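J.: A single structure is presented below for examination.
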Amino acid sequence: MCHRYNIKASVDDVVKFLSPFQVSLPPDLLPSKDYYPLYDVLVLRMTDDEQWTVEPRSWGFLPKAWKPSDRTRTSKAFQRGKINARSETVHSTWPWRFAFPSQRCVMLASSFYEPSIHGGDTRYEVPGHSVFAIAGLWDEYEGDDGKGNEQSVSSCVMLTTDANPLVASTRKGRMRQPVLLTDPEAIQRYCSLEVREHDHVSDLFTPWPDAQMTCEEPAAQKGLFEQ
């Protein structure tokens, strides 16, 4: 599963990427850093009145219907296990299926990481795209955090698809990678509130072509292999 990604692009590049959506980007919403589960990440979505918005959301899905249980006693524990959702079944499995029809979003990124077959994490980038989108879902939770405290959580999850040949040959574990989107029309269609059926957007869930992606092994491991 993808457990780390980043935004290293300049503010100007992010503003340019967002320009087709006519949405403003407050500077304090763009920290240049790596993102991990439970971090606030940058999300683009449509509001109920069909206006675009960019906002921070906690990475790790927490549905509005969540309740503490013996298996996941706290909301944070639940979120840590819900950072990726399979694009093939996201419309039909809990806890994603209630959010899929009208709560789709994208997470802004510059690169993503997967566990390397050589140890550490391999970084994957898309040349020519200093910013791209990762398909996701969002939800809002209000209630007990599992410790007796009331909380409000704005959360999200990223969608994954089969690994392309490049990712499959360099990563260990599950042969998956995030669903990447770069075309504004594709992002518009994926996030559209008028589109509710999985079949109408499932063509967007194909793996990003390996010929249009580069990877870099962890620096320490890379040095060892070159000796």
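Chain labels A, B, ... are given in the sequence in which chains occur in the structure tokens; within each chain residues are numbered consecutively from 1, and ligands are likewise numbered from 1 in the order shown.
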Excluding range 158-164 of chain A and any residue of its chain fewer than 2 positions from it, enumerate the residues within 7 Å of it, using only C-alpha atoms, and give them as a compact mmCIF listing (two decimals) with N, CA and C atoms, in the first residue's frame.

T.:
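Written out: part-v9.txt:
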# COMPACT_ATOMS: atom_id res chain seq x y z
N ILE A 83 -6.05 3.98 4.78
CA ILE A 83 -5.37 5.01 3.99
C ILE A 83 -5.47 4.74 2.49
N ASN A 84 -5.73 3.49 2.11
CA ASN A 84 -5.87 3.10 0.70
C ASN A 84 -7.17 2.36 0.50
N ALA A 85 -7.80 2.56 -0.67
CA ALA A 85 -9.02 1.83 -1.04
C ALA A 85 -8.85 1.30 -2.46
N ARG A 86 -9.26 0.07 -2.70
CA ARG A 86 -9.14 -0.52 -4.02
C ARG A 86 -10.16 0.12 -4.97
N SER A 87 -9.68 0.68 -6.08
CA SER A 87 -10.57 1.36 -7.03
C SER A 87 -11.58 0.41 -7.65
N ILE A 134 -4.13 12.45 -7.10
CA ILE A 134 -4.40 11.06 -6.75
C ILE A 134 -5.88 10.96 -6.41
N ALA A 135 -6.59 10.07 -7.10
CA ALA A 135 -8.03 9.92 -6.86
C ALA A 135 -8.28 9.50 -5.42
N GLY A 136 -9.34 10.05 -4.82
CA GLY A 136 -9.66 9.72 -3.44
C GLY A 136 -11.13 9.88 -3.11
N LEU A 137 -11.44 9.70 -1.86
CA LEU A 137 -12.77 9.93 -1.30
C LEU A 137 -12.61 10.75 -0.02
N CYS A 156 -9.83 11.72 4.43
CA CYS A 156 -9.80 11.28 3.03
C CYS A 156 -9.04 9.97 2.93
N LEU A 166 6.81 -0.97 -14.10
CA LEU A 166 7.90 -0.33 -13.38
C LEU A 166 7.73 -0.48 -11.88
N VAL A 167 6.55 -0.17 -11.38
CA VAL A 167 6.29 -0.29 -9.95
C VAL A 167 6.38 -1.75 -9.52
N ALA A 168 5.81 -2.64 -10.30
CA ALA A 168 5.81 -4.05 -9.93
C ALA A 168 7.22 -4.63 -9.86
N MET A 175 1.07 -5.62 -5.02
CA MET A 175 1.38 -5.01 -6.31
C MET A 175 0.31 -3.97 -6.67
N ARG A 176 0.36 -2.85 -5.95
CA ARG A 176 -0.61 -1.78 -6.13
C ARG A 176 0.12 -0.44 -6.25
N GLN A 177 -0.58 0.55 -6.79
CA GLN A 177 -0.07 1.91 -6.85
C GLN A 177 -1.26 2.86 -6.84
N PRO A 178 -1.06 4.14 -6.49
CA PRO A 178 -2.17 5.10 -6.50
C PRO A 178 -2.74 5.32 -7.90
N VAL A 179 -4.01 5.68 -7.96
CA VAL A 179 -4.65 6.09 -9.21
C VAL A 179 -4.25 7.54 -9.48
N PHE A 205 -9.29 4.50 -13.74
CA PHE A 205 -8.57 3.77 -12.71
C PHE A 205 -7.47 2.85 -13.26
N THR A 206 -7.13 2.98 -14.53
CA THR A 206 -6.08 2.16 -15.11
C THR A 206 -4.72 2.62 -14.59
N PRO A 207 -3.75 1.71 -14.47
CA PRO A 207 -2.42 2.09 -13.97
C PRO A 207 -1.77 3.14 -14.87
N TRP A 208 -1.06 4.07 -14.28
CA TRP A 208 -0.33 5.07 -15.05
C TRP A 208 0.74 4.35 -15.88
N PRO A 209 0.91 4.69 -17.16
CA PRO A 209 1.88 3.98 -18.01
C PRO A 209 3.29 4.03 -17.43
N ASP A 210 3.95 2.89 -17.39
CA ASP A 210 5.29 2.86 -16.82
C ASP A 210 6.29 3.67 -17.64

J.: Could you tell me, as a count of residues only, which residues of range 3-201 of chain A DSSP assigns to strand (DSSP E) when given the backbone?

T.: 72

J.: Identify, on the basis of only C-alpha atoms, every residue whose closest approach to Trp59 in chain A does not exceed 10 Å; exclude the query and any residue fewer than 6 positions from it along the same chain; express the result as JSON, numbers by chain.

T.: {"A": [3, 35, 36, 37, 38, 39, 40, 41, 42, 43, 79, 80, 82, 83, 84, 107, 138, 154, 155, 156, 157, 158]}

J.: Which residue gives the smallest distance to Ser130 in chain A among A:Val54, A:His91, A:Asp144, A:Leu108, with only C-alpha atoms counted?

T.: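 Answer, going by the shortest atom-to-atom distance: A:Leu108.
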
J.: Excluding same-chain residues fewer than 2 positions from Ser102 in chain A, what lies within 12 Å of it counting only C-alpha atoms, as a PyMOL selection string?

T.: chain A and resi 45-48+50+91+96-100+104-105+136-139+189-198

J.: Near range 22-28 of chain A, counting only C-alpha atoms, which residues have an atom at most 8 Å away, once you skip same-chain residues fewer than 3 positions from it, shown as a short mmCIF file (atom, residue, chain, number, x, y, z; two decimals) with N, CA and C atoms, in the first residue's frame?

T.:
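After the write, selection.cif holds the following:
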data_model
loop_
_atom_site.label_atom_id
_atom_site.label_comp_id
_atom_site.auth_asym_id
_atom_site.auth_seq_id
_atom_site.Cartn_x
_atom_site.Cartn_y
_atom_site.Cartn_z
N VAL A 11 4.75 26.98 -5.17
CA VAL A 11 3.39 27.50 -5.08
C VAL A 11 2.89 27.86 -6.48
N VAL A 15 -0.51 26.52 -8.18
CA VAL A 15 -1.52 27.47 -8.64
C VAL A 15 -1.84 27.22 -10.11
N LEU A 18 -4.01 24.19 -10.52
CA LEU A 18 -5.39 24.41 -10.06
C LEU A 18 -6.16 25.43 -10.90
N SER A 19 -5.47 26.14 -11.79
CA SER A 19 -6.11 27.23 -12.53
C SER A 19 -7.37 26.81 -13.30
N PRO A 31 2.43 23.35 2.66
CA PRO A 31 3.74 23.00 3.20
C PRO A 31 4.43 22.03 2.26
N TRP A 52 -15.51 24.54 -6.64
CA TRP A 52 -14.28 23.85 -6.27
C TRP A 52 -13.70 24.45 -4.99
N THR A 53 -13.10 23.61 -4.17
CA THR A 53 -12.44 24.08 -2.96
C THR A 53 -11.18 23.26 -2.74
N VAL A 54 -10.16 23.88 -2.16
CA VAL A 54 -8.94 23.21 -1.73
C VAL A 54 -8.87 23.31 -0.22
#

J.: Just the residues within 9 Å of Arg123 in chain A, please, counting only C-alpha atoms, with nothing from its chain fewer than 3 positions along; format it as a VMD selection string.

T.: chain A and resid 5 111 to 114 116 214 to 218

J.: How far is it from CA of Phe78 in chain A to CA of Trp66 in chain A, in Å with one decimal?

T.: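 Taking CA of Phe78 in chain A as the start and CA of Trp66 in chain A as the end point, the length is 8.8 Å.
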
J.: Can you list, as an MDAnalysis selection string, every residue of range 57-196 of chain A that DSSP puts in alpha helix (DSSP H)?

T.: chainID A and resid 75:80 165:170 184:191

J.: Go ahead and write the residues just picked, N, CA and C atoms, as a tab-separated table (two decimals), in the first residue's frame.

T.:
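See selection-v5.tsv below for the written result:
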chain	number	residue	atom	x	y	z
A	75	SER	N	-10.60	6.32	17.04
A	75	SER	CA	-10.75	6.78	15.66
A	75	SER	C	-9.40	6.80	14.93
A	76	LYS	N	-8.34	7.16	15.61
A	76	LYS	CA	-7.02	7.19	14.97
A	76	LYS	C	-6.58	5.79	14.55
A	77	ALA	N	-6.85	4.80	15.38
A	77	ALA	CA	-6.51	3.42	15.02
A	77	ALA	C	-7.26	3.00	13.77
A	78	PHE	N	-8.53	3.38	13.68
A	78	PHE	CA	-9.32	3.05	12.50
A	78	PHE	C	-8.74	3.74	11.27
A	79	GLN	N	-8.41	5.01	11.40
A	79	GLN	CA	-7.89	5.77	10.27
A	79	GLN	C	-6.58	5.18	9.74
A	80	ARG	N	-5.71	4.74	10.62
A	80	ARG	CA	-4.42	4.20	10.18
A	80	ARG	C	-4.59	2.99	9.28
A	165	PRO	N	4.27	-2.12	-14.80
A	165	PRO	CA	5.50	-2.93	-14.80
A	165	PRO	C	6.66	-2.30	-14.04
A	166	LEU	N	6.81	-0.97	-14.10
A	166	LEU	CA	7.90	-0.33	-13.38
A	166	LEU	C	7.73	-0.48	-11.88
A	167	VAL	N	6.55	-0.17	-11.38
A	167	VAL	CA	6.29	-0.29	-9.95
A	167	VAL	C	6.38	-1.75	-9.52
A	168	ALA	N	5.81	-2.64	-10.30
A	168	ALA	CA	5.81	-4.05	-9.93
A	168	ALA	C	7.22	-4.63	-9.86
A	169	SER	N	8.14	-4.10	-10.65
A	169	SER	CA	9.50	-4.64	-10.68
A	169	SER	C	10.39	-4.03	-9.60
A	170	THR	N	9.93	-3.00	-8.91
A	170	THR	CA	10.78	-2.31	-7.94
A	170	THR	C	10.21	-2.31	-6.52
A	184	PRO	N	-7.10	17.92	-16.51
A	184	PRO	CA	-8.18	18.63	-15.81
A	184	PRO	C	-9.57	18.06	-16.11
A	185	GLU	N	-9.79	17.64	-17.35
A	185	GLU	CA	-11.11	17.09	-17.69
A	185	GLU	C	-11.36	15.77	-16.96
A	186	ALA	N	-10.31	14.97	-16.80
A	186	ALA	CA	-10.45	13.71	-16.06
A	186	ALA	C	-10.75	13.98	-14.59
A	187	ILE	N	-10.07	14.96	-14.02
A	187	ILE	CA	-10.31	15.33	-12.63
A	187	ILE	C	-11.73	15.87	-12.46
A	188	GLN	N	-12.15	16.69	-13.40
A	188	GLN	CA	-13.51	17.24	-13.38
A	188	GLN	C	-14.54	16.12	-13.41
A	189	ARG	N	-14.34	15.15	-14.29
A	189	ARG	CA	-15.31	14.05	-14.41
A	189	ARG	C	-15.28	13.17	-13.16
A	190	TYR	N	-14.10	12.92	-12.65
A	190	TYR	CA	-14.02	12.06	-11.46
A	190	TYR	C	-14.73	12.70	-10.26
A	191	CYS	N	-14.56	14.00	-10.08
A	191	CYS	CA	-15.13	14.68	-8.92
A	191	CYS	C	-16.56	15.18	-9.13

J.: Find the spatial neighbours of Val131 in chain A, counting only C-alpha atoms, within a cut-off of 9 Å - ignore same-chain residues fewer than 5 positions away - and output them as a list of chain:residue names.

T.: A:Ile7, A:Lys8, A:Ala9, A:Asp13, A:Val14, A:Phe17, A:Leu108, A:Ala109, A:Ser110, A:Ser111, A:Val126, A:Thr182

J.: Would you mind reading off the distance between CA of Gly173 in chain A and CA of Gly128 in chain A, one decimal, in Å?

T.: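 Between these atoms lies a distance of 28.3 Å.
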
J.: If I take CA of Thr74 in chain A and CA of Asp145 in chain A, how far is one from the other in Å, to one decimal?

T.: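 It comes out at 5.6 Å.
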